[in-house]
Every structure is written in C-alpha cells, then in structure tokens.
file final.cif (mmCIF, N, CA and C atoms and all ligand atoms)
data_start
loop_
_atom_site.label_atom_id
_atom_site.label_comp_id
_atom_site.auth_asym_id
_atom_site.auth_seq_id
_atom_site.Cartn_x
_atom_site.Cartn_y
_atom_site.Cartn_z
N MET Q 1 105.14 78.46 89.61
CA MET Q 1 106.39 78.74 90.35
C MET Q 1 106.85 80.18 90.12
N LEU Q 2 106.92 80.56 88.84
CA LEU Q 2 107.31 81.93 88.52
C LEU Q 2 106.26 82.91 89.05
N ASN Q 3 105.00 82.52 88.88
CA ASN Q 3 103.91 83.38 89.34
C ASN Q 3 103.90 83.50 90.87
N GLU Q 4 104.17 82.39 91.55
CA GLU Q 4 104.24 82.40 93.03
C GLU Q 4 105.36 83.31 93.50
N LEU Q 5 106.48 83.25 92.82
CA LEU Q 5 107.62 84.08 93.18
C LEU Q 5 107.25 85.56 93.02
N ILE Q 6 106.59 85.89 91.93
CA ILE Q 6 106.19 87.29 91.69
C ILE Q 6 105.20 87.74 92.76
N GLU Q 7 104.25 86.87 93.13
CA GLU Q 7 103.29 87.22 94.20
C GLU Q 7 104.03 87.51 95.50
N HIS Q 8 105.01 86.67 95.80
CA HIS Q 8 105.81 86.85 97.02
C HIS Q 8 106.57 88.19 96.99
N LEU Q 9 107.13 88.52 95.84
CA LEU Q 9 107.87 89.79 95.71
C LEU Q 9 106.93 90.98 95.90
N ILE Q 10 105.71 90.88 95.37
CA ILE Q 10 104.74 91.97 95.52
C ILE Q 10 104.31 92.10 96.99
N ASP Q 11 104.15 90.98 97.69
CA ASP Q 11 103.85 91.04 99.13
C ASP Q 11 104.95 91.77 99.88
N GLU Q 12 106.19 91.49 99.52
CA GLU Q 12 107.31 92.19 100.18
C GLU Q 12 107.27 93.68 99.86
N HIS Q 13 106.96 94.03 98.62
CA HIS Q 13 106.84 95.46 98.27
C HIS Q 13 105.86 96.15 99.22
N GLN Q 14 104.70 95.51 99.44
CA GLN Q 14 103.68 96.14 100.27
C GLN Q 14 104.16 96.30 101.71
N ALA Q 15 104.79 95.25 102.23
CA ALA Q 15 105.29 95.31 103.62
C ALA Q 15 106.36 96.40 103.74
N TYR Q 16 107.23 96.50 102.74
CA TYR Q 16 108.32 97.48 102.82
C TYR Q 16 107.81 98.90 102.58
N ASN Q 17 106.79 99.07 101.76
CA ASN Q 17 106.19 100.40 101.58
C ASN Q 17 105.63 100.90 102.90
N GLN Q 18 104.97 99.99 103.63
CA GLN Q 18 104.40 100.34 104.93
C GLN Q 18 105.53 100.76 105.89
N LYS Q 19 106.59 99.97 105.89
CA LYS Q 19 107.72 100.23 106.77
C LYS Q 19 108.36 101.60 106.44
N MET Q 20 108.50 101.92 105.16
CA MET Q 20 109.11 103.19 104.77
C MET Q 20 108.24 104.37 105.20
N LYS Q 21 106.92 104.18 105.12
CA LYS Q 21 105.98 105.22 105.57
C LYS Q 21 106.21 105.50 107.06
N GLU Q 22 106.36 104.44 107.84
CA GLU Q 22 106.60 104.59 109.28
C GLU Q 22 107.94 105.27 109.54
N PHE Q 23 108.94 104.89 108.78
CA PHE Q 23 110.26 105.53 108.95
C PHE Q 23 110.18 107.02 108.63
N GLN Q 24 109.44 107.38 107.58
CA GLN Q 24 109.35 108.79 107.20
C GLN Q 24 108.69 109.62 108.30
N LYS Q 25 107.67 109.03 108.91
CA LYS Q 25 106.97 109.71 110.00
C LYS Q 25 107.93 109.84 111.20
N ALA Q 26 108.64 108.78 111.51
CA ALA Q 26 109.55 108.79 112.66
C ALA Q 26 110.69 109.80 112.45
N LEU Q 27 111.16 109.94 111.22
CA LEU Q 27 112.23 110.90 110.94
C LEU Q 27 111.79 112.31 111.30
N GLU Q 28 110.52 112.63 111.01
CA GLU Q 28 110.00 113.97 111.31
C GLU Q 28 109.72 114.14 112.79
N GLU Q 29 109.26 113.06 113.44
CA GLU Q 29 108.77 113.20 114.82
C GLU Q 29 109.76 112.77 115.90
N ASN Q 30 110.56 111.76 115.61
CA ASN Q 30 111.45 111.20 116.65
C ASN Q 30 112.85 110.95 116.11
N PHE Q 31 113.47 111.97 115.54
CA PHE Q 31 114.79 111.77 114.94
C PHE Q 31 115.81 111.34 116.00
N SER Q 32 116.58 110.32 115.68
CA SER Q 32 117.68 109.90 116.56
C SER Q 32 118.71 109.14 115.73
N ASN Q 33 119.92 109.03 116.25
CA ASN Q 33 120.94 108.26 115.55
C ASN Q 33 120.50 106.80 115.39
N GLU Q 34 119.85 106.27 116.43
CA GLU Q 34 119.39 104.87 116.39
C GLU Q 34 118.41 104.68 115.23
N LEU Q 35 117.53 105.67 115.05
CA LEU Q 35 116.55 105.57 113.96
C LEU Q 35 117.27 105.55 112.61
N VAL Q 36 118.25 106.43 112.44
CA VAL Q 36 118.98 106.48 111.17
C VAL Q 36 119.69 105.15 110.93
N GLU Q 37 120.26 104.58 111.99
CA GLU Q 37 120.95 103.29 111.85
C GLU Q 37 119.97 102.18 111.50
N GLU Q 38 118.78 102.26 112.08
CA GLU Q 38 117.74 101.27 111.77
C GLU Q 38 117.33 101.37 110.29
N ILE Q 39 117.24 102.60 109.79
CA ILE Q 39 116.87 102.82 108.39
C ILE Q 39 117.96 102.29 107.46
N ILE Q 40 119.21 102.58 107.79
CA ILE Q 40 120.33 102.11 106.95
C ILE Q 40 120.34 100.57 106.95
N ASN Q 41 120.11 99.99 108.12
CA ASN Q 41 120.08 98.53 108.22
C ASN Q 41 118.94 97.94 107.38
N PHE Q 42 117.78 98.58 107.43
CA PHE Q 42 116.63 98.14 106.63
C PHE Q 42 116.97 98.18 105.14
N LEU Q 43 117.59 99.27 104.70
CA LEU Q 43 117.91 99.41 103.28
C LEU Q 43 119.00 98.42 102.85
N GLU Q 44 119.98 98.23 103.73
CA GLU Q 44 121.11 97.36 103.37
C GLU Q 44 120.78 95.88 103.52
N LYS Q 45 119.83 95.56 104.40
CA LYS Q 45 119.53 94.16 104.64
C LYS Q 45 118.23 93.74 103.94
N ASP Q 46 117.10 94.29 104.37
CA ASP Q 46 115.81 93.85 103.82
C ASP Q 46 115.68 94.19 102.33
N ILE Q 47 115.96 95.44 101.98
CA ILE Q 47 115.80 95.84 100.58
C ILE Q 47 116.86 95.16 99.71
N GLU Q 48 118.07 95.02 100.23
CA GLU Q 48 119.13 94.36 99.46
C GLU Q 48 118.79 92.88 99.24
N GLU Q 49 118.29 92.21 100.27
CA GLU Q 49 117.93 90.79 100.12
C GLU Q 49 116.80 90.62 99.11
N HIS Q 50 115.86 91.55 99.13
CA HIS Q 50 114.77 91.53 98.16
C HIS Q 50 115.34 91.67 96.74
N ALA Q 51 116.24 92.61 96.57
CA ALA Q 51 116.85 92.84 95.26
C ALA Q 51 117.62 91.60 94.80
N GLU Q 52 118.32 90.96 95.73
CA GLU Q 52 119.09 89.77 95.35
C GLU Q 52 118.19 88.60 94.99
N LYS Q 53 117.02 88.52 95.66
CA LYS Q 53 116.04 87.48 95.29
C LYS Q 53 115.63 87.66 93.82
N GLU Q 54 115.46 88.92 93.43
CA GLU Q 54 115.07 89.18 92.04
C GLU Q 54 116.22 88.89 91.08
N GLU Q 55 117.43 89.31 91.48
CA GLU Q 55 118.57 89.12 90.59
C GLU Q 55 118.95 87.64 90.47
N ASN Q 56 118.70 86.86 91.52
CA ASN Q 56 119.06 85.44 91.48
C ASN Q 56 117.86 84.55 91.15
N ASP Q 57 116.92 84.43 92.09
CA ASP Q 57 115.80 83.48 91.91
C ASP Q 57 114.92 83.84 90.72
N LEU Q 58 114.56 85.12 90.62
CA LEU Q 58 113.65 85.51 89.53
C LEU Q 58 114.35 85.34 88.17
N VAL Q 59 115.57 85.83 88.08
CA VAL Q 59 116.30 85.72 86.81
C VAL Q 59 116.51 84.25 86.44
N GLU Q 60 116.81 83.42 87.43
CA GLU Q 60 117.02 81.99 87.17
C GLU Q 60 115.74 81.35 86.62
N ALA Q 61 114.61 81.70 87.25
CA ALA Q 61 113.33 81.14 86.80
C ALA Q 61 113.00 81.60 85.38
N ILE Q 62 113.34 82.85 85.07
CA ILE Q 62 113.06 83.37 83.72
C ILE Q 62 113.98 82.69 82.69
N LEU Q 63 115.26 82.60 83.04
CA LEU Q 63 116.23 82.03 82.09
C LEU Q 63 115.93 80.57 81.76
N LYS Q 64 115.29 79.86 82.71
CA LYS Q 64 114.89 78.47 82.45
C LYS Q 64 113.88 78.42 81.31
N ARG Q 65 113.06 79.45 81.21
CA ARG Q 65 112.04 79.49 80.17
C ARG Q 65 112.53 80.17 78.91
N ASN Q 66 113.36 81.18 79.12
CA ASN Q 66 113.87 81.94 77.97
C ASN Q 66 115.35 82.26 78.17
N PRO Q 67 116.24 81.43 77.64
CA PRO Q 67 117.69 81.62 77.84
C PRO Q 67 118.21 82.94 77.27
N ASP Q 68 117.44 83.59 76.41
CA ASP Q 68 117.90 84.84 75.80
C ASP Q 68 117.50 86.08 76.59
N TYR Q 69 116.79 85.89 77.70
CA TYR Q 69 116.28 87.04 78.46
C TYR Q 69 117.43 87.94 78.93
N ASP Q 70 117.24 89.24 78.79
CA ASP Q 70 118.27 90.21 79.19
C ASP Q 70 117.98 90.67 80.63
N GLU Q 71 118.79 90.20 81.56
CA GLU Q 71 118.55 90.47 82.99
C GLU Q 71 118.95 91.89 83.41
N GLU Q 72 119.59 92.63 82.52
CA GLU Q 72 120.06 93.98 82.87
C GLU Q 72 118.92 94.88 83.35
N ALA Q 73 117.73 94.66 82.79
CA ALA Q 73 116.59 95.50 83.16
C ALA Q 73 116.31 95.37 84.66
N ILE Q 74 116.54 94.20 85.19
CA ILE Q 74 116.27 93.96 86.61
C ILE Q 74 117.38 94.55 87.47
N ILE Q 75 118.61 94.43 87.03
CA ILE Q 75 119.75 94.83 87.86
C ILE Q 75 119.95 96.36 87.88
N PHE Q 76 119.66 97.02 86.77
CA PHE Q 76 119.92 98.46 86.66
C PHE Q 76 119.25 99.26 87.78
N GLY Q 77 117.95 99.00 87.99
CA GLY Q 77 117.22 99.74 89.02
C GLY Q 77 117.79 99.51 90.41
N HIS Q 78 118.29 98.31 90.65
CA HIS Q 78 118.85 98.00 91.97
C HIS Q 78 120.13 98.77 92.22
N ASN Q 79 120.92 98.97 91.19
CA ASN Q 79 122.16 99.73 91.38
C ASN Q 79 121.86 101.19 91.70
N THR Q 80 120.77 101.71 91.14
CA THR Q 80 120.35 103.08 91.47
C THR Q 80 119.98 103.17 92.95
N ILE Q 81 119.30 102.14 93.46
CA ILE Q 81 118.96 102.11 94.89
C ILE Q 81 120.23 102.04 95.73
N ARG Q 82 121.15 101.18 95.33
CA ARG Q 82 122.40 101.01 96.10
C ARG Q 82 123.18 102.33 96.18
N GLU Q 83 123.17 103.10 95.10
CA GLU Q 83 123.86 104.40 95.12
C GLU Q 83 123.19 105.36 96.10
N ALA Q 84 121.86 105.35 96.13
CA ALA Q 84 121.13 106.24 97.04
C ALA Q 84 121.39 105.85 98.49
N VAL Q 85 121.52 104.55 98.76
CA VAL Q 85 121.81 104.08 100.12
C VAL Q 85 123.22 104.52 100.51
N GLN Q 86 124.15 104.44 99.58
CA GLN Q 86 125.53 104.88 99.85
C GLN Q 86 125.56 106.38 100.16
N ASP Q 87 124.79 107.17 99.42
CA ASP Q 87 124.71 108.62 99.69
C ASP Q 87 124.21 108.88 101.11
N LEU Q 88 123.19 108.12 101.52
CA LEU Q 88 122.65 108.27 102.87
C LEU Q 88 123.70 107.91 103.91
N LYS Q 89 124.42 106.81 103.69
CA LYS Q 89 125.46 106.40 104.63
C LYS Q 89 126.57 107.44 104.74
N ASP Q 90 126.98 107.98 103.59
CA ASP Q 90 128.02 109.02 103.59
C ASP Q 90 127.55 110.24 104.38
N THR Q 91 126.29 110.62 104.17
CA THR Q 91 125.75 111.79 104.87
C THR Q 91 125.69 111.54 106.38
N TYR Q 92 125.33 110.31 106.76
CA TYR Q 92 125.28 109.97 108.19
C TYR Q 92 126.68 110.05 108.81
N GLU Q 93 127.69 109.59 108.09
CA GLU Q 93 129.07 109.69 108.60
C GLU Q 93 129.45 111.16 108.79
N GLU Q 94 129.09 112.00 107.81
CA GLU Q 94 129.38 113.44 107.92
C GLU Q 94 128.63 114.05 109.11
N PHE Q 95 127.40 113.60 109.29
CA PHE Q 95 126.58 114.09 110.40
C PHE Q 95 127.26 113.80 111.74
N LYS Q 96 127.78 112.58 111.88
CA LYS Q 96 128.43 112.20 113.14
C LYS Q 96 129.70 113.01 113.39
N GLN Q 97 130.29 113.52 112.29
CA GLN Q 97 131.49 114.36 112.44
C GLN Q 97 131.14 115.85 112.51
N GLY Q 98 129.84 116.13 112.57
CA GLY Q 98 129.41 117.53 112.67
C GLY Q 98 129.46 118.28 111.35
N LYS Q 99 129.61 117.54 110.23
CA LYS Q 99 129.73 118.19 108.91
C LYS Q 99 128.43 118.18 108.10
N ALA Q 100 127.40 117.53 108.64
CA ALA Q 100 126.10 117.53 107.94
C ALA Q 100 125.01 117.72 108.99
N LYS Q 101 123.85 118.19 108.50
CA LYS Q 101 122.75 118.49 109.42
C LYS Q 101 121.73 117.35 109.41
N LYS Q 102 120.94 117.32 110.45
CA LYS Q 102 119.83 116.38 110.55
C LYS Q 102 118.96 116.45 109.29
N GLU Q 103 118.72 117.68 108.81
CA GLU Q 103 117.88 117.87 107.62
C GLU Q 103 118.49 117.19 106.38
N ASP Q 104 119.83 117.16 106.33
CA ASP Q 104 120.48 116.50 105.19
C ASP Q 104 120.19 115.01 105.22
N ILE Q 105 120.25 114.43 106.40
CA ILE Q 105 119.98 112.99 106.53
C ILE Q 105 118.53 112.71 106.12
N ILE Q 106 117.61 113.53 106.62
CA ILE Q 106 116.19 113.33 106.29
C ILE Q 106 116.00 113.43 104.77
N LYS Q 107 116.69 114.38 104.15
CA LYS Q 107 116.58 114.56 102.70
C LYS Q 107 117.08 113.30 101.96
N TYR Q 108 118.24 112.79 102.35
CA TYR Q 108 118.78 111.63 101.65
C TYR Q 108 118.01 110.35 101.96
N ALA Q 109 117.48 110.25 103.18
CA ALA Q 109 116.66 109.06 103.52
C ALA Q 109 115.39 109.09 102.67
N ASN Q 110 114.74 110.25 102.60
CA ASN Q 110 113.52 110.35 101.80
C ASN Q 110 113.80 110.10 100.32
N LYS Q 111 114.97 110.55 99.87
CA LYS Q 111 115.33 110.33 98.47
C LYS Q 111 115.47 108.82 98.20
N ALA Q 112 116.14 108.12 99.11
CA ALA Q 112 116.30 106.67 98.96
C ALA Q 112 114.92 105.99 98.97
N PHE Q 113 114.06 106.40 99.89
CA PHE Q 113 112.71 105.80 99.96
C PHE Q 113 111.94 106.03 98.66
N THR Q 114 112.04 107.24 98.12
CA THR Q 114 111.32 107.55 96.88
C THR Q 114 111.82 106.67 95.74
N ILE Q 115 113.13 106.49 95.66
CA ILE Q 115 113.70 105.66 94.58
C ILE Q 115 113.22 104.21 94.74
N VAL Q 116 113.21 103.70 95.97
CA VAL Q 116 112.75 102.33 96.21
C VAL Q 116 111.27 102.21 95.83
N LYS Q 117 110.45 103.15 96.29
CA LYS Q 117 109.01 103.09 96.00
C LYS Q 117 108.73 103.16 94.49
N ASP Q 118 109.42 104.06 93.80
CA ASP Q 118 109.25 104.17 92.34
C ASP Q 118 109.67 102.87 91.65
N HIS Q 119 110.75 102.30 92.15
CA HIS Q 119 111.25 101.04 91.58
C HIS Q 119 110.21 99.92 91.75
N PHE Q 120 109.62 99.82 92.96
CA PHE Q 120 108.58 98.81 93.19
C PHE Q 120 107.43 99.00 92.20
N LEU Q 121 107.01 100.24 92.03
CA LEU Q 121 105.89 100.54 91.13
C LEU Q 121 106.22 100.13 89.70
N GLU Q 122 107.44 100.45 89.29
CA GLU Q 122 107.86 100.12 87.93
C GLU Q 122 107.83 98.60 87.71
N GLU Q 123 108.29 97.87 88.72
CA GLU Q 123 108.26 96.41 88.60
C GLU Q 123 106.83 95.90 88.52
N GLU Q 124 105.97 96.45 89.38
CA GLU Q 124 104.59 95.96 89.42
C GLU Q 124 103.82 96.35 88.16
N ASN Q 125 104.13 97.51 87.61
CA ASN Q 125 103.37 97.99 86.45
C ASN Q 125 103.93 97.54 85.11
N PHE Q 126 105.25 97.30 85.06
CA PHE Q 126 105.87 96.97 83.76
C PHE Q 126 106.61 95.63 83.75
N LEU Q 127 107.60 95.49 84.64
CA LEU Q 127 108.44 94.29 84.59
C LEU Q 127 107.65 93.01 84.85
N PHE Q 128 106.90 92.96 85.96
CA PHE Q 128 106.19 91.73 86.30
C PHE Q 128 105.11 91.38 85.26
N PRO Q 129 104.29 92.34 84.83
CA PRO Q 129 103.32 92.01 83.76
C PRO Q 129 104.01 91.50 82.49
N ASP Q 130 105.17 92.09 82.15
CA ASP Q 130 105.92 91.62 80.97
C ASP Q 130 106.31 90.16 81.14
N ILE Q 131 106.81 89.82 82.34
CA ILE Q 131 107.26 88.45 82.61
C ILE Q 131 106.06 87.50 82.52
N ARG Q 132 104.93 87.90 83.10
CA ARG Q 132 103.73 87.05 83.06
C ARG Q 132 103.27 86.83 81.62
N ARG Q 133 103.35 87.89 80.83
CA ARG Q 133 102.94 87.80 79.42
C ARG Q 133 103.88 86.85 78.66
N MET Q 134 105.18 87.03 78.94
CA MET Q 134 106.17 86.17 78.27
C MET Q 134 105.98 84.72 78.65
N GLU Q 135 105.62 84.50 79.92
CA GLU Q 135 105.46 83.13 80.37
C GLU Q 135 104.35 82.43 79.57
N LYS Q 136 103.29 83.16 79.30
CA LYS Q 136 102.19 82.57 78.51
C LYS Q 136 102.69 82.19 77.11
N GLU Q 137 103.55 83.05 76.55
CA GLU Q 137 104.08 82.77 75.21
C GLU Q 137 105.03 81.59 75.21
N TRP Q 138 105.76 81.42 76.34
CA TRP Q 138 106.75 80.34 76.41
C TRP Q 138 106.10 78.97 76.54
N LEU Q 139 104.83 78.95 77.04
CA LEU Q 139 104.17 77.65 77.30
C LEU Q 139 103.89 76.88 76.01
FE FE D 1 113.71 95.15 92.16
FE FE D 2 110.99 94.18 93.80
#

call {"tool": "encode", "arguments": {"input": "final.cif", "output": "structure tokens"}}
result
Amino acid sequence: MLNELIEHLIDEHQAYNQKMKEFQKALEENFSNELVEEIINFLEKDIEEHAEKEENDLVEAILKRNPDYDEEAIIFGHNTIREAVQDLKDTYEEFKQGKAKKEDIIKYANKAFTIVKDHFLEEENFLFPDIRRMEKEWL
C-alpha cells in the first residue's frame, strides 16, 4: 500500500516534469496571458493536489507504521513551492498593470518550475528511499 502510493507519486512526478518542459518551451515561443494563467492553474491545482496527497495520504500511511515520524520534512519543501507560486502570481498581477515585463513572468515561472523539479528529485532520491527502508524495519 505504501509502496503503491510512492509508485503513484513518482508517476505523477514524471507526468508533471513533462508538462513543465512543454510550458517552458511555450513561454519562449508562444507567450500569452492565457498561457500564464494555464501555468498558474497547473501549479495551484495539479501540483498543489500532489503535495496534499503527500501531506495527507502519505503521512497517514507512514504514521500508521511509525507514530513518531516527523512529517515536517515533507511539508517544508511544499511551502517553498507555494511561495514561488505566489511570487509568480504577484508578478503576473503587476504585468497586467503594466508594472512588470514578460521577461519577469518567464523568470518567475522558470524559478517555480526549477523548485518543483528539484523537490521531485529530492523526494525520489532521499525521502522515498528512506520511507521504503523504514518500512522494511517496521515489518
Ligand atoms: Fe512533495
Ligand atoms: Fe512529490
């Protein structure tokens, strides 16, 4: 069950990495307000739902096996992503008021994507293997 959940989360990482790659290309080639709104929606909906799955379902599954587990490690990275998304949204609002440039939006969107991608890697390389190792010890 815990292992299936982790596999599912990794599948989502791959799908979202692909999507971010497409967004980055589109930002350079076909910049539009609609595209920026689509990116904000992706970050606020798809990425946020993924993060909540980890904060709720994954943490719940871990706590069932180890009530002493410190869930802060999982939540901290997500708050960093949420801050980057907020920066992008603020920049987009400024852009619509003529106070920020297209390049500023591209910069903040790429920054948010980089933080998300690094976070996925960290989970796949450290957090998930740690959980799998702990699960063996808990059995
Ligand atoms: Fe995460
Ligand atoms: Fe994740």

call {"tool": "residues_near_ligand", "arguments": {"input": "final.cif", "ligand": "ligand FE 1 (chain D)", "cutoff": "8 Å", "atoms": "all atoms listed in the file", "output": "MDAnalysis selection string"}}
result
chainID Q and resid 50:55 73:75 77:78 119:120 123

call {"tool": "residues_around", "arguments": {"input": "final.cif", "residues": "Q:Tyr16", "least_positions_apart": "6", "cutoff": "8 Å", "atoms": "all atoms listed in the file", "output": "PyMOL selection string"}}
result
chain Q and resi 10+22+47+117

call {"tool": "write_last_selection", "arguments": {"input": "final.cif", "atoms": "N, CA and C atoms", "output": "short mmCIF file (atom, residue, chain, number, x, y, z; two decimals), keeping the file's coordinate frame"}}
result
data_model
loop_
_atom_site.label_atom_id
_atom_site.label_comp_id
_atom_site.auth_asym_id
_atom_site.auth_seq_id
_atom_site.Cartn_x
_atom_site.Cartn_y
_atom_site.Cartn_z
N ILE Q 10 105.71 90.88 95.37
CA ILE Q 10 104.74 91.97 95.52
C ILE Q 10 104.31 92.10 96.99
N GLU Q 22 106.36 104.44 107.84
CA GLU Q 22 106.60 104.59 109.28
C GLU Q 22 107.94 105.27 109.54
N ILE Q 47 115.96 95.44 101.98
CA ILE Q 47 115.80 95.84 100.58
C ILE Q 47 116.86 95.16 99.71
N LYS Q 117 110.45 103.15 96.29
CA LYS Q 117 109.01 103.09 96.00
C LYS Q 117 108.73 103.16 94.49
#

call {"tool": "atom_distance", "arguments": {"input": "final.cif", "atom1": "atom CA of Q:Glu71", "atom2": "atom CA of Q:Val59"}}
result
6.5 Å

call {"tool": "closest_residue", "arguments": {"input": "final.cif", "among": "Q:Ala26, Q:Leu35, Q:Ile6, Q:Ile62", "to": "ligand FE 2 (chain D)", "atoms": "only C-alpha atoms and all ligand atoms"}}
result
Q:Ile6

call {"tool": "closest_residue", "arguments": {"input": "final.cif", "among": "Q:Asp118, Q:Glu29, Q:Asp130, Q:Asp70", "to": "ligand FE 2 (chain D)", "atoms": "only C-alpha atoms and all ligand atoms"}}
result
Q:Asp118

call {"tool": "atom_distance", "arguments": {"input": "final.cif", "atom1": "atom C of Q:Asn17", "atom2": "atom CA of Q:Tyr92"}}
result
22.3 Å

call {"tool": "axis_aligned_box", "arguments": {"input": "final.cif", "around": "stretch 125-135 of chain Q", "padding_each_side": "8 Å", "output": "lines of an AutoDock Vina configuration file"}}
result
center_x = 105.7
center_y = 90.2
center_z = 82.9
size_x = 21.5
size_y = 31.6
size_z = 25.3

call {"tool": "select_by_dssp", "arguments": {"input": "final.cif", "residues": "stretch 48-119 of chain Q", "states": "helix (DSSP H, G or I)", "output": "JSON, numbers by chain"}}
result
{"Q": [48, 49, 50, 51, 52, 53, 54, 55, 56, 57, 58, 59, 60, 61, 62, 63, 64, 65, 72, 73, 74, 75, 76, 77, 78, 79, 80, 81, 82, 83, 84, 85, 86, 87, 88, 89, 90, 91, 92, 93, 94, 95, 96, 102, 103, 104, 105, 106, 107, 108, 109, 110, 111, 112, 113, 114, 115, 116, 117, 118, 119]}

call {"tool": "atom_distance", "arguments": {"input": "final.cif", "atom1": "atom C of Q:Ser32", "atom2": "atom C of Q:Glu83"}}
result
20.5 Å

call {"tool": "closest_residue", "arguments": {"input": "final.cif", "among": "Q:His13, Q:Arg65, Q:Lys45, Q:Lys89", "to": "Q:Trp138", "atoms": "only N, CA and C atoms"}}
result
Q:Arg65

call {"tool": "closest_residue", "arguments": {"input": "final.cif", "among": "Q:Leu9, Q:Leu121, Q:Leu63, Q:Met20", "to": "Q:Glu49", "atoms": "only C-alpha atoms"}}
result
Q:Leu9

call {"tool": "closest_residue", "arguments": {"input": "final.cif", "among": "Q:Glu93, Q:Asp87, Q:Glu12, Q:Glu4", "to": "ligand FE 2 (chain D)", "atoms": "all atoms listed in the file"}}
result
Q:Glu12

call {"tool": "decode", "arguments": {"input": "final.cif", "residues": "stretch 7-22 of chain Q", "atoms": "N, CA and C atoms", "output": "CSV table (one decimal), in the first residue's frame"}}
result
chain,number,residue,atom,x,y,z
Q,7,GLU,N,4.8,4.7,-5.8
Q,7,GLU,CA,4.9,4.5,-7.2
Q,7,GLU,C,4.0,5.5,-7.9
Q,8,HIS,N,2.8,5.7,-7.4
Q,8,HIS,CA,1.8,6.6,-8.0
Q,8,HIS,C,2.4,8.0,-8.0
Q,9,LEU,N,3.0,8.4,-6.8
Q,9,LEU,CA,3.6,9.8,-6.7
Q,9,LEU,C,4.7,10.0,-7.7
Q,10,ILE,N,5.5,8.9,-7.9
Q,10,ILE,CA,6.6,9.0,-8.9
Q,10,ILE,C,6.1,9.1,-10.3
Q,11,ASP,N,5.0,8.4,-10.6
Q,11,ASP,CA,4.4,8.5,-11.9
Q,11,ASP,C,3.9,10.0,-12.2
Q,12,GLU,N,3.3,10.6,-11.1
Q,12,GLU,CA,2.9,12.0,-11.3
Q,12,GLU,C,4.1,12.9,-11.5
Q,13,HIS,N,5.2,12.7,-10.8
Q,13,HIS,CA,6.4,13.5,-11.0
Q,13,HIS,C,6.8,13.5,-12.5
Q,14,GLN,N,6.7,12.3,-13.1
Q,14,GLN,CA,7.2,12.2,-14.5
Q,14,GLN,C,6.2,12.9,-15.4
Q,15,ALA,N,4.9,12.8,-15.1
Q,15,ALA,CA,3.9,13.4,-16.0
Q,15,ALA,C,4.1,15.0,-15.8
Q,16,TYR,N,4.3,15.4,-14.6
Q,16,TYR,CA,4.4,16.9,-14.4
Q,16,TYR,C,5.7,17.4,-14.9
Q,17,ASN,N,6.8,16.7,-14.8
Q,17,ASN,CA,8.1,17.1,-15.4
Q,17,ASN,C,7.9,17.4,-16.9
Q,18,GLN,N,7.2,16.4,-17.6
Q,18,GLN,CA,7.0,16.6,-19.0
Q,18,GLN,C,6.2,17.8,-19.3
Q,19,LYS,N,5.1,18.0,-18.5
Q,19,LYS,CA,4.2,19.2,-18.6
Q,19,LYS,C,5.0,20.5,-18.4
Q,20,MET,N,5.9,20.5,-17.5
Q,20,MET,CA,6.7,21.8,-17.2
Q,20,MET,C,7.7,22.0,-18.3
Q,21,LYS,N,8.2,21.0,-18.9
Q,21,LYS,CA,9.1,21.1,-20.1
Q,21,LYS,C,8.3,21.8,-21.2
Q,22,GLU,N,7.1,21.3,-21.5
Q,22,GLU,CA,6.2,21.9,-22.5
Q,22,GLU,C,5.9,23.4,-22.2
